[in-house]
Amino acid sequence: MAANDAPEGAQIIFVGSGINSLVGAALLATRGKKVLVLERSDRLGGCIRTEELFPGYRHEVMSSWYPLFTGSAGYAELKTHLEQAGLRILQPGYTTGLAVPGGLSMALKQDLGDAVQRLNALHAGDGDAVGAMAARMFGQDAPMTFGLLGKNPYSWDMLKLLWGQWRARGVDGLADFATGALESLRRWADRDLGHDFSRAMIAPWVLHSGMGPDDATAAMIGKLTFAAVVSGGMPVVEGGGSRLVEALEKVIRAHGGALLTGADVTRIEVEGASKNQTAKGVQLADGRRFAASQAVVCNVTPPQLYGRLLENTAPPELKARAAAYRFGRGDMQVHFALDAPPAWSNPELLKVPLVHVTESMEQVCLSVTEANNGLIPARPTLGVGQPVAADPSRAPEGGWILWIQMQELPARIKGDAAGLIAAPADGRWTPEIREAVADRVQQRLETVMPGLSQRIIGRKAYSPADLEAMNCNLVGGDPYSGICSPDQFFWLRPFGSTAGARGHKTPVRNVFQIGASTHPGPGLGAGSGAMVAQMLAPR
């Protein structure tokens, strides 16, 4: 949209165009609100970015899989609108798998019962333990777990949930839930699973929330994610995630909303005394101003919100808390275009949309520790995405794509755990280091898919620094916009109540914060966008 096409009289302005903004804006637009989405870059979508890196090959440069979105309340409400806008969700029959370099491998279908049988065949009792875990997650603990993750933590709905659970469980029952919720994944797995392979199958799933298996609350997140994926699948958007962005854009425009790229918001314009401040609109870097009669919703990190957009408004205590907000390890991606499917040691893995490659639970823990200490891991855990297994349209006939994600890399480099890559004096990622790590990844892949190098027609890598350059919310390459440790998770995300900021609310009464830095945290579920939409225009 050109600058002179920008609308007048918007009720609600969204700063940033990630999935939380787009879903929140679409929900409000369909409920009759006039919305305006402002995006600083030249494209909408935040971390949803599909590009043809090589002729005929459509790669997901950042995010890729949509189980959280298809299971969300926002999707349920918008589904018909999105389908009318051309969105098509594909659901492959397989979900995940594990390949151990030089060892065992296993593919899992979208069938929890089948997973139980396969794991029991590997080691008697392991499948039963996973089945019992899933039954509890989706049964006895479901109201608490999904309530904590899916409800506004400062709402009456949350109070009613806690009251009802106290009456049903009693104090001892709530304490038992809290004990399990705070446990590390390694402790649970060592206790309940008998085979190293079974533990290694589940271990990498905590990485998808920025955690490690030894972290507090990792058991709840790891078990829930694994069980949800195996039960609910790994859906993808046909043609790439950018098709979802396009569909949401169409819904917003069809209901009177507008979206503007190249619109870098530098300041929220606020009026009133300190405890009764109200936002009137926003100002852009080029001097343009846009008014908002009802609210300004910011899909940004705490340092951006309180150190930039509300720099002249936020109290010192809140600025200090925002500056102290902690970001996590860096992420790196390597994309391969192949002229033929890879020769997995287990051919069934060709049917799996996301396969992890690691030796063991202990190796995942070690790689996390190495990255936390500033070292490039010697044996990083690889998340090997195979979008063509779900969506053949992503590559030319006979071609294949490998989407490799590593979530155990340092934002600043102090050394190399393998002793082969020299650390830069300033700790910054360079193109040379990025390609050296990509070489390590390629060599590691050869251990589970021999002959890979002969099938590669293109390779493109993105370091943590590259990812941050593409999206300023990915500080240090952290794809989750902040560590999900207990002090920055659930109702404490981004931090506890401070100087009038609590949850999605800020000291300015009509300014709200959404995105991965807020409850319920990272992922493509659009939870915070839907929650704030509900605050502004209850359904």
# chains A, B, ... in the order shown; residues from 1 in each chain; ligands from 1
>>> select_by_dssp(residues="region 210-311 of chain A", states="strand (DSSP E or B)", output="ChimeraX atom specification")
/A:236-237,258-260,265-271,278-284,289-291,295-299
>>> residues_around(residues="region 490-498 of chain A", least_positions_apart="4", cutoff="10 Å", atoms="only C-alpha atoms", output="number ranges by chain")
A: 148-154, 301-302, 315, 317-319, 321-322, 324-326, 481-486, 502-507, 513-514, 516-521
>>> write_last_selection(atoms="N, CA and C atoms", output="compact mmCIF listing (two decimals), in the first residue's frame")
# COMPACT_ATOMS: atom_id res chain seq x y z
N LEU A 148 -3.55 -22.75 31.69
CA LEU A 148 -2.41 -21.88 31.95
C LEU A 148 -1.84 -21.30 30.65
N LEU A 149 -1.82 -22.11 29.60
CA LEU A 149 -1.25 -21.67 28.34
C LEU A 149 -2.23 -20.91 27.46
N GLY A 150 -3.52 -21.17 27.63
CA GLY A 150 -4.49 -20.62 26.70
C GLY A 150 -5.35 -19.48 27.20
N LYS A 151 -5.30 -19.19 28.49
CA LYS A 151 -6.15 -18.14 29.04
C LYS A 151 -5.33 -16.91 29.43
N ASN A 152 -5.99 -15.78 29.40
CA ASN A 152 -5.37 -14.57 29.92
C ASN A 152 -5.10 -14.76 31.41
N PRO A 153 -3.84 -14.68 31.85
CA PRO A 153 -3.53 -15.00 33.24
C PRO A 153 -4.14 -14.04 34.25
N TYR A 154 -4.55 -12.86 33.81
CA TYR A 154 -5.11 -11.88 34.74
C TYR A 154 -6.62 -11.69 34.52
N THR A 301 9.56 -6.63 21.39
CA THR A 301 10.18 -7.09 22.63
C THR A 301 10.10 -6.00 23.70
N PRO A 302 10.28 -6.35 24.98
CA PRO A 302 10.23 -5.33 26.03
C PRO A 302 11.24 -4.19 25.84
N PRO A 315 8.12 4.68 33.13
CA PRO A 315 8.86 5.04 34.34
C PRO A 315 10.22 4.33 34.40
N GLU A 317 11.72 2.50 36.57
CA GLU A 317 11.69 1.12 37.07
C GLU A 317 11.32 0.14 35.95
N LEU A 318 10.39 0.54 35.12
CA LEU A 318 9.95 -0.33 34.03
C LEU A 318 11.01 -0.41 32.93
N LYS A 319 11.67 0.72 32.66
CA LYS A 319 12.76 0.70 31.68
C LYS A 319 13.87 -0.25 32.13
N ARG A 321 13.55 -2.90 34.11
CA ARG A 321 13.09 -4.28 33.98
C ARG A 321 13.15 -4.73 32.52
N ALA A 322 12.76 -3.84 31.62
CA ALA A 322 12.79 -4.18 30.20
C ALA A 322 14.24 -4.39 29.72
N ALA A 324 16.61 -5.48 31.45
CA ALA A 324 17.13 -6.70 32.07
C ALA A 324 16.47 -7.96 31.52
N TYR A 325 15.49 -7.81 30.65
CA TYR A 325 14.81 -8.97 30.05
C TYR A 325 15.86 -9.80 29.32
N ARG A 326 15.82 -11.10 29.49
CA ARG A 326 16.88 -11.97 28.99
C ARG A 326 16.46 -12.70 27.70
N SER A 481 12.28 -14.87 21.16
CA SER A 481 12.16 -13.51 21.72
C SER A 481 12.20 -13.50 23.24
N GLY A 482 13.09 -14.30 23.81
CA GLY A 482 13.27 -14.31 25.25
C GLY A 482 13.27 -15.71 25.82
N ILE A 483 14.10 -15.92 26.83
CA ILE A 483 14.19 -17.21 27.48
C ILE A 483 12.86 -17.56 28.15
N CYS A 484 12.43 -18.80 28.01
CA CYS A 484 11.19 -19.27 28.64
C CYS A 484 11.50 -19.94 29.98
N SER A 485 12.32 -19.31 30.79
CA SER A 485 12.59 -19.81 32.14
C SER A 485 11.42 -19.42 33.03
N PRO A 486 11.26 -20.08 34.21
CA PRO A 486 10.07 -19.81 35.04
C PRO A 486 9.87 -18.34 35.39
N ARG A 502 1.52 -5.22 33.33
CA ARG A 502 1.15 -6.54 33.82
C ARG A 502 0.56 -7.34 32.67
N GLY A 503 1.22 -8.43 32.35
CA GLY A 503 0.73 -9.24 31.23
C GLY A 503 0.83 -8.47 29.93
N HIS A 504 -0.29 -8.37 29.21
CA HIS A 504 -0.30 -7.66 27.94
C HIS A 504 -0.56 -6.17 28.11
N LYS A 505 -0.85 -5.74 29.32
CA LYS A 505 -1.14 -4.33 29.57
C LYS A 505 0.13 -3.57 29.92
N THR A 506 0.15 -2.29 29.55
CA THR A 506 1.27 -1.41 29.83
C THR A 506 0.77 -0.27 30.73
N PRO A 507 1.67 0.59 31.24
CA PRO A 507 1.19 1.72 32.06
C PRO A 507 0.29 2.68 31.29
N GLN A 513 0.90 -5.00 24.71
CA GLN A 513 2.04 -5.71 24.13
C GLN A 513 1.63 -7.14 23.81
N ILE A 514 1.98 -7.60 22.61
CA ILE A 514 1.74 -8.98 22.20
C ILE A 514 3.02 -9.54 21.61
N ALA A 516 5.87 -13.02 20.90
CA ALA A 516 6.54 -14.13 21.58
C ALA A 516 7.09 -13.76 22.95
N SER A 517 7.32 -12.46 23.19
CA SER A 517 7.83 -12.02 24.49
C SER A 517 6.75 -11.95 25.55
N THR A 518 5.50 -12.22 25.17
CA THR A 518 4.40 -12.14 26.12
C THR A 518 3.71 -13.50 26.25
N HIS A 519 2.85 -13.62 27.25
CA HIS A 519 2.08 -14.84 27.46
C HIS A 519 1.20 -15.11 26.24
N PRO A 520 1.07 -16.35 25.75
CA PRO A 520 1.61 -17.61 26.29
C PRO A 520 2.98 -18.00 25.76
N GLY A 521 3.73 -17.06 25.19
CA GLY A 521 5.08 -17.35 24.76
C GLY A 521 5.21 -17.54 23.27
>>> closest_atom_pairs(of="region 167-285 of chain A", to="region 113-130 of chain A", cutoff="7 Å", atoms="only C-alpha atoms", output="CSV")
residue,atom,partner,partner_atom,distance
A:Asp192,CA,A:Ala129,CA,6.3
A:Leu193,CA,A:Asp126,CA,5.2
A:Gly194,CA,A:Asp126,CA,6.3
A:His195,CA,A:His123,CA,6.2
A:Ser198,CA,A:Leu119,CA,6.9
>>> closest_residue(among="A:Pro424, A:Pro341, A:Gly330, A:Gly262", to="Ala411 (chain A)", atoms="only C-alpha atoms")
A:Gly330
>>> select_by_dssp(residues="region 195-431 of chain A", states="alpha helix (DSSP H)", output="VMD selection string")
chain A and resid 196 to 202 218 to 232 242 to 254 302 to 304 316 to 323 361 to 372 387 to 390 431
>>> residues_around(residues="region 229-239 of chain A", least_positions_apart="5", cutoff="9 Å", atoms="only C-alpha atoms", output="MDAnalysis selection string")
chainID A and resid 50 58 64:67 70:71 87:96 108:113 115 134 224 244 353:354 387 390:394
>>> write_last_selection(atoms="N, CA, C and O atoms", output="short mmCIF file (atom, residue, chain, number, x, y, z; two decimals), in the first residue's frame")
data_model
loop_
_atom_site.label_atom_id
_atom_site.label_comp_id
_atom_site.auth_asym_id
_atom_site.auth_seq_id
_atom_site.Cartn_x
_atom_site.Cartn_y
_atom_site.Cartn_z
N THR A 50 8.43 -17.15 3.14
CA THR A 50 8.67 -18.17 2.12
C THR A 50 9.40 -17.53 0.95
O THR A 50 8.94 -16.51 0.43
N ARG A 58 10.67 -23.67 -3.09
CA ARG A 58 10.09 -22.69 -2.16
C ARG A 58 10.45 -23.10 -0.72
O ARG A 58 9.95 -24.09 -0.19
N SER A 64 8.04 -22.75 10.09
CA SER A 64 7.57 -23.68 9.06
C SER A 64 6.32 -24.45 9.41
O SER A 64 5.48 -24.67 8.56
N TRP A 65 6.14 -24.91 10.64
CA TRP A 65 5.10 -25.89 10.96
C TRP A 65 3.99 -25.24 11.77
O TRP A 65 4.22 -24.36 12.59
N TYR A 66 2.75 -25.71 11.62
CA TYR A 66 1.59 -24.99 12.14
C TYR A 66 0.66 -25.78 13.05
O TYR A 66 -0.55 -25.54 13.06
N PRO A 67 1.17 -26.70 13.89
CA PRO A 67 0.25 -27.40 14.80
C PRO A 67 -0.38 -26.48 15.84
O PRO A 67 -1.55 -26.65 16.20
N THR A 70 -3.25 -24.34 13.93
CA THR A 70 -4.48 -25.06 13.57
C THR A 70 -5.26 -25.53 14.79
O THR A 70 -6.44 -25.85 14.67
N GLY A 71 -4.61 -25.56 15.94
CA GLY A 71 -5.31 -25.93 17.17
C GLY A 71 -5.74 -24.74 18.00
O GLY A 71 -6.24 -24.90 19.11
N LEU A 87 -6.58 -20.15 1.57
CA LEU A 87 -5.67 -20.92 2.41
C LEU A 87 -6.04 -22.40 2.40
O LEU A 87 -7.21 -22.77 2.50
N ARG A 88 -5.01 -23.24 2.28
CA ARG A 88 -5.21 -24.67 2.36
C ARG A 88 -4.15 -25.27 3.28
O ARG A 88 -2.95 -25.08 3.06
N ILE A 89 -4.60 -25.97 4.30
CA ILE A 89 -3.71 -26.63 5.26
C ILE A 89 -3.57 -28.09 4.87
O ILE A 89 -4.57 -28.78 4.62
N LEU A 90 -2.34 -28.58 4.83
CA LEU A 90 -2.06 -29.97 4.50
C LEU A 90 -1.60 -30.71 5.75
O LEU A 90 -0.81 -30.18 6.53
N GLN A 91 -2.08 -31.92 5.92
CA GLN A 91 -1.77 -32.72 7.10
C GLN A 91 -1.16 -34.05 6.67
O GLN A 91 -1.86 -34.95 6.24
N PRO A 92 0.17 -34.20 6.78
CA PRO A 92 0.78 -35.48 6.41
C PRO A 92 0.43 -36.57 7.41
O PRO A 92 0.05 -36.29 8.55
N GLY A 93 0.57 -37.82 6.99
CA GLY A 93 0.22 -38.93 7.87
C GLY A 93 1.26 -39.23 8.93
O GLY A 93 0.98 -39.92 9.91
N TYR A 94 2.48 -38.73 8.74
CA TYR A 94 3.55 -38.91 9.72
C TYR A 94 3.80 -37.59 10.43
O TYR A 94 3.41 -36.51 9.95
N THR A 95 4.47 -37.66 11.57
CA THR A 95 4.69 -36.45 12.37
C THR A 95 6.16 -36.18 12.64
O THR A 95 6.70 -35.15 12.26
N THR A 96 6.83 -37.10 13.30
CA THR A 96 8.21 -36.86 13.71
C THR A 96 8.99 -38.16 13.70
O THR A 96 8.43 -39.24 13.44
N LEU A 108 7.51 -41.86 13.27
CA LEU A 108 6.23 -41.95 13.98
C LEU A 108 5.12 -41.34 13.14
O LEU A 108 5.27 -40.28 12.54
N LYS A 109 3.98 -42.03 13.11
CA LYS A 109 2.81 -41.55 12.39
C LYS A 109 1.99 -40.60 13.28
O LYS A 109 2.28 -40.42 14.45
N GLN A 110 0.97 -40.01 12.69
CA GLN A 110 0.03 -39.22 13.49
C GLN A 110 -0.96 -40.19 14.13
O GLN A 110 -2.12 -40.29 13.76
N ASP A 111 -0.46 -40.90 15.11
CA ASP A 111 -1.23 -41.98 15.74
C ASP A 111 -0.53 -42.33 17.04
O ASP A 111 0.50 -43.01 17.04
N LEU A 112 -1.07 -41.87 18.15
CA LEU A 112 -0.43 -42.10 19.44
C LEU A 112 -0.36 -43.59 19.74
O LEU A 112 0.65 -44.08 20.28
N GLY A 113 -1.40 -44.34 19.40
CA GLY A 113 -1.38 -45.78 19.65
C GLY A 113 -0.27 -46.47 18.89
O GLY A 113 0.40 -47.37 19.42
N ALA A 115 2.54 -45.04 17.99
CA ALA A 115 3.79 -44.64 18.65
C ALA A 115 4.04 -45.49 19.88
O ALA A 115 5.18 -45.91 20.16
N ALA A 134 0.69 -39.12 27.92
CA ALA A 134 -0.23 -38.40 27.05
C ALA A 134 -1.65 -38.42 27.60
O ALA A 134 -2.37 -37.42 27.54
N LEU A 224 4.29 -32.26 26.65
CA LEU A 224 3.10 -31.72 26.00
C LEU A 224 3.33 -31.55 24.50
O LEU A 224 2.48 -31.93 23.68
N LEU A 244 -0.33 -18.13 4.12
CA LEU A 244 -1.13 -17.79 5.30
C LEU A 244 -1.12 -16.28 5.50
O LEU A 244 -2.17 -15.68 5.80
N PRO A 353 7.67 -35.25 8.23
CA PRO A 353 7.92 -33.82 8.00
C PRO A 353 9.05 -33.24 8.83
O PRO A 353 9.71 -32.30 8.40
N LEU A 354 9.29 -33.76 10.05
CA LEU A 354 10.36 -33.21 10.89
C LEU A 354 11.05 -34.34 11.65
O LEU A 354 10.46 -34.97 12.52
N PRO A 387 9.65 -30.44 4.01
CA PRO A 387 8.33 -29.93 3.60
C PRO A 387 7.73 -30.63 2.40
O PRO A 387 6.51 -30.71 2.27
N ALA A 390 5.18 -33.32 2.92
CA ALA A 390 3.79 -32.91 3.16
C ALA A 390 3.19 -32.15 2.00
O ALA A 390 1.99 -32.21 1.76
N ASP A 391 4.04 -31.43 1.26
CA ASP A 391 3.56 -30.53 0.21
C ASP A 391 4.48 -30.64 -1.01
O ASP A 391 5.48 -29.92 -1.12
N PRO A 392 4.17 -31.51 -1.96
CA PRO A 392 5.03 -31.70 -3.14
C PRO A 392 5.20 -30.44 -3.99
O PRO A 392 6.14 -30.36 -4.78
N SER A 393 4.32 -29.46 -3.81
CA SER A 393 4.41 -28.26 -4.64
C SER A 393 5.62 -27.40 -4.29
O SER A 393 5.96 -26.48 -5.04
N ARG A 394 6.29 -27.70 -3.19
CA ARG A 394 7.43 -26.86 -2.76
C ARG A 394 8.66 -27.02 -3.65
O ARG A 394 9.57 -26.19 -3.59
#
>>> residues_around(residues="Leu38 (chain A)", least_positions_apart="2", cutoff="6 Å", atoms="only C-alpha atoms", output="PyMOL selection string")
chain A and resi 15-16+260+263
>>> closest_residue(among="A:Asp141, A:Pro538, A:His356, A:Met531", to="Gly32 (chain A)", atoms="only C-alpha atoms")
A:Pro538
>>> residues_around(residues="Leu174 (chain A)", least_positions_apart="2", cutoff="12 Å", atoms="only C-alpha atoms", output="list in words")
Gln140, Asp141, Pro143, Met144, Thr145, Leu162, Trp163, Gly164, Gln165, Trp166, Arg167, Ala168, Arg169, Gly170, Val171, Asp172, Asp176, Phe177, Ala178, Thr179, Gly180 and Ala181 of chain A
>>> closest_residue(among="A:Val37, A:Ala73, A:Ile404, A:Val355", to="Ser17 (chain A)", atoms="only C-alpha atoms")
A:Val37
>>> residues_around(residues="region 249-253 of chain A", least_positions_apart="5", cutoff="8 Å", atoms="only C-alpha atoms", output="ChimeraX atom specification")
/A:22,25-26,29-30,35,81-82,85,258-259
>>> closest_atom_pairs(of="region 245-350 of chain A", to="region 448-457 of chain A", cutoff="12 Å", atoms="only C-alpha atoms", output="CSV")
residue,atom,partner,partner_atom,distance
A:His335,CA,A:Ile456,CA,10.2
A:Phe336,CA,A:Ile456,CA,6.6
A:Ala337,CA,A:Ile457,CA,5.6
A:Leu338,CA,A:Ile456,CA,4.5
A:Asp339,CA,A:Arg455,CA,5.5
A:Ala340,CA,A:Arg455,CA,6.2
A:Pro341,CA,A:Arg455,CA,8.1
A:Pro342,CA,A:Met449,CA,6.0
A:Ala343,CA,A:Met449,CA,5.0
A:Trp344,CA,A:Met449,CA,4.2
A:Ser345,CA,A:Val448,CA,5.7
A:Asn346,CA,A:Val448,CA,8.4
A:Pro347,CA,A:Met449,CA,9.6
A:Leu349,CA,A:Met449,CA,10.2
A:Leu350,CA,A:Met449,CA,10.5
>>> residues_around(residues="Gly529 (chain A)", least_positions_apart="4", cutoff="6 Å", atoms="only C-alpha atoms", output="list of chain:residue names")
A:Asn20, A:Ser21, A:Gly24
>>> write_last_selection(atoms="N, CA and C atoms", output="compact mmCIF listing (two decimals), in the first residue's frame")
# COMPACT_ATOMS: atom_id res chain seq x y z
N ASN A 20 0.88 -12.92 15.47
CA ASN A 20 -0.01 -12.41 16.51
C ASN A 20 -0.71 -11.14 16.06
N SER A 21 0.01 -10.25 15.37
CA SER A 21 -0.61 -9.03 14.86
C SER A 21 -1.64 -9.33 13.78
N GLY A 24 -4.65 -11.15 15.34
CA GLY A 24 -5.39 -10.21 16.17
C GLY A 24 -6.13 -9.19 15.32
>>> closest_residue(among="A:Cys472, A:Ala461, A:Leu409, A:Leu420", to="Asp264 (chain A)", atoms="only C-alpha atoms")
A:Cys472
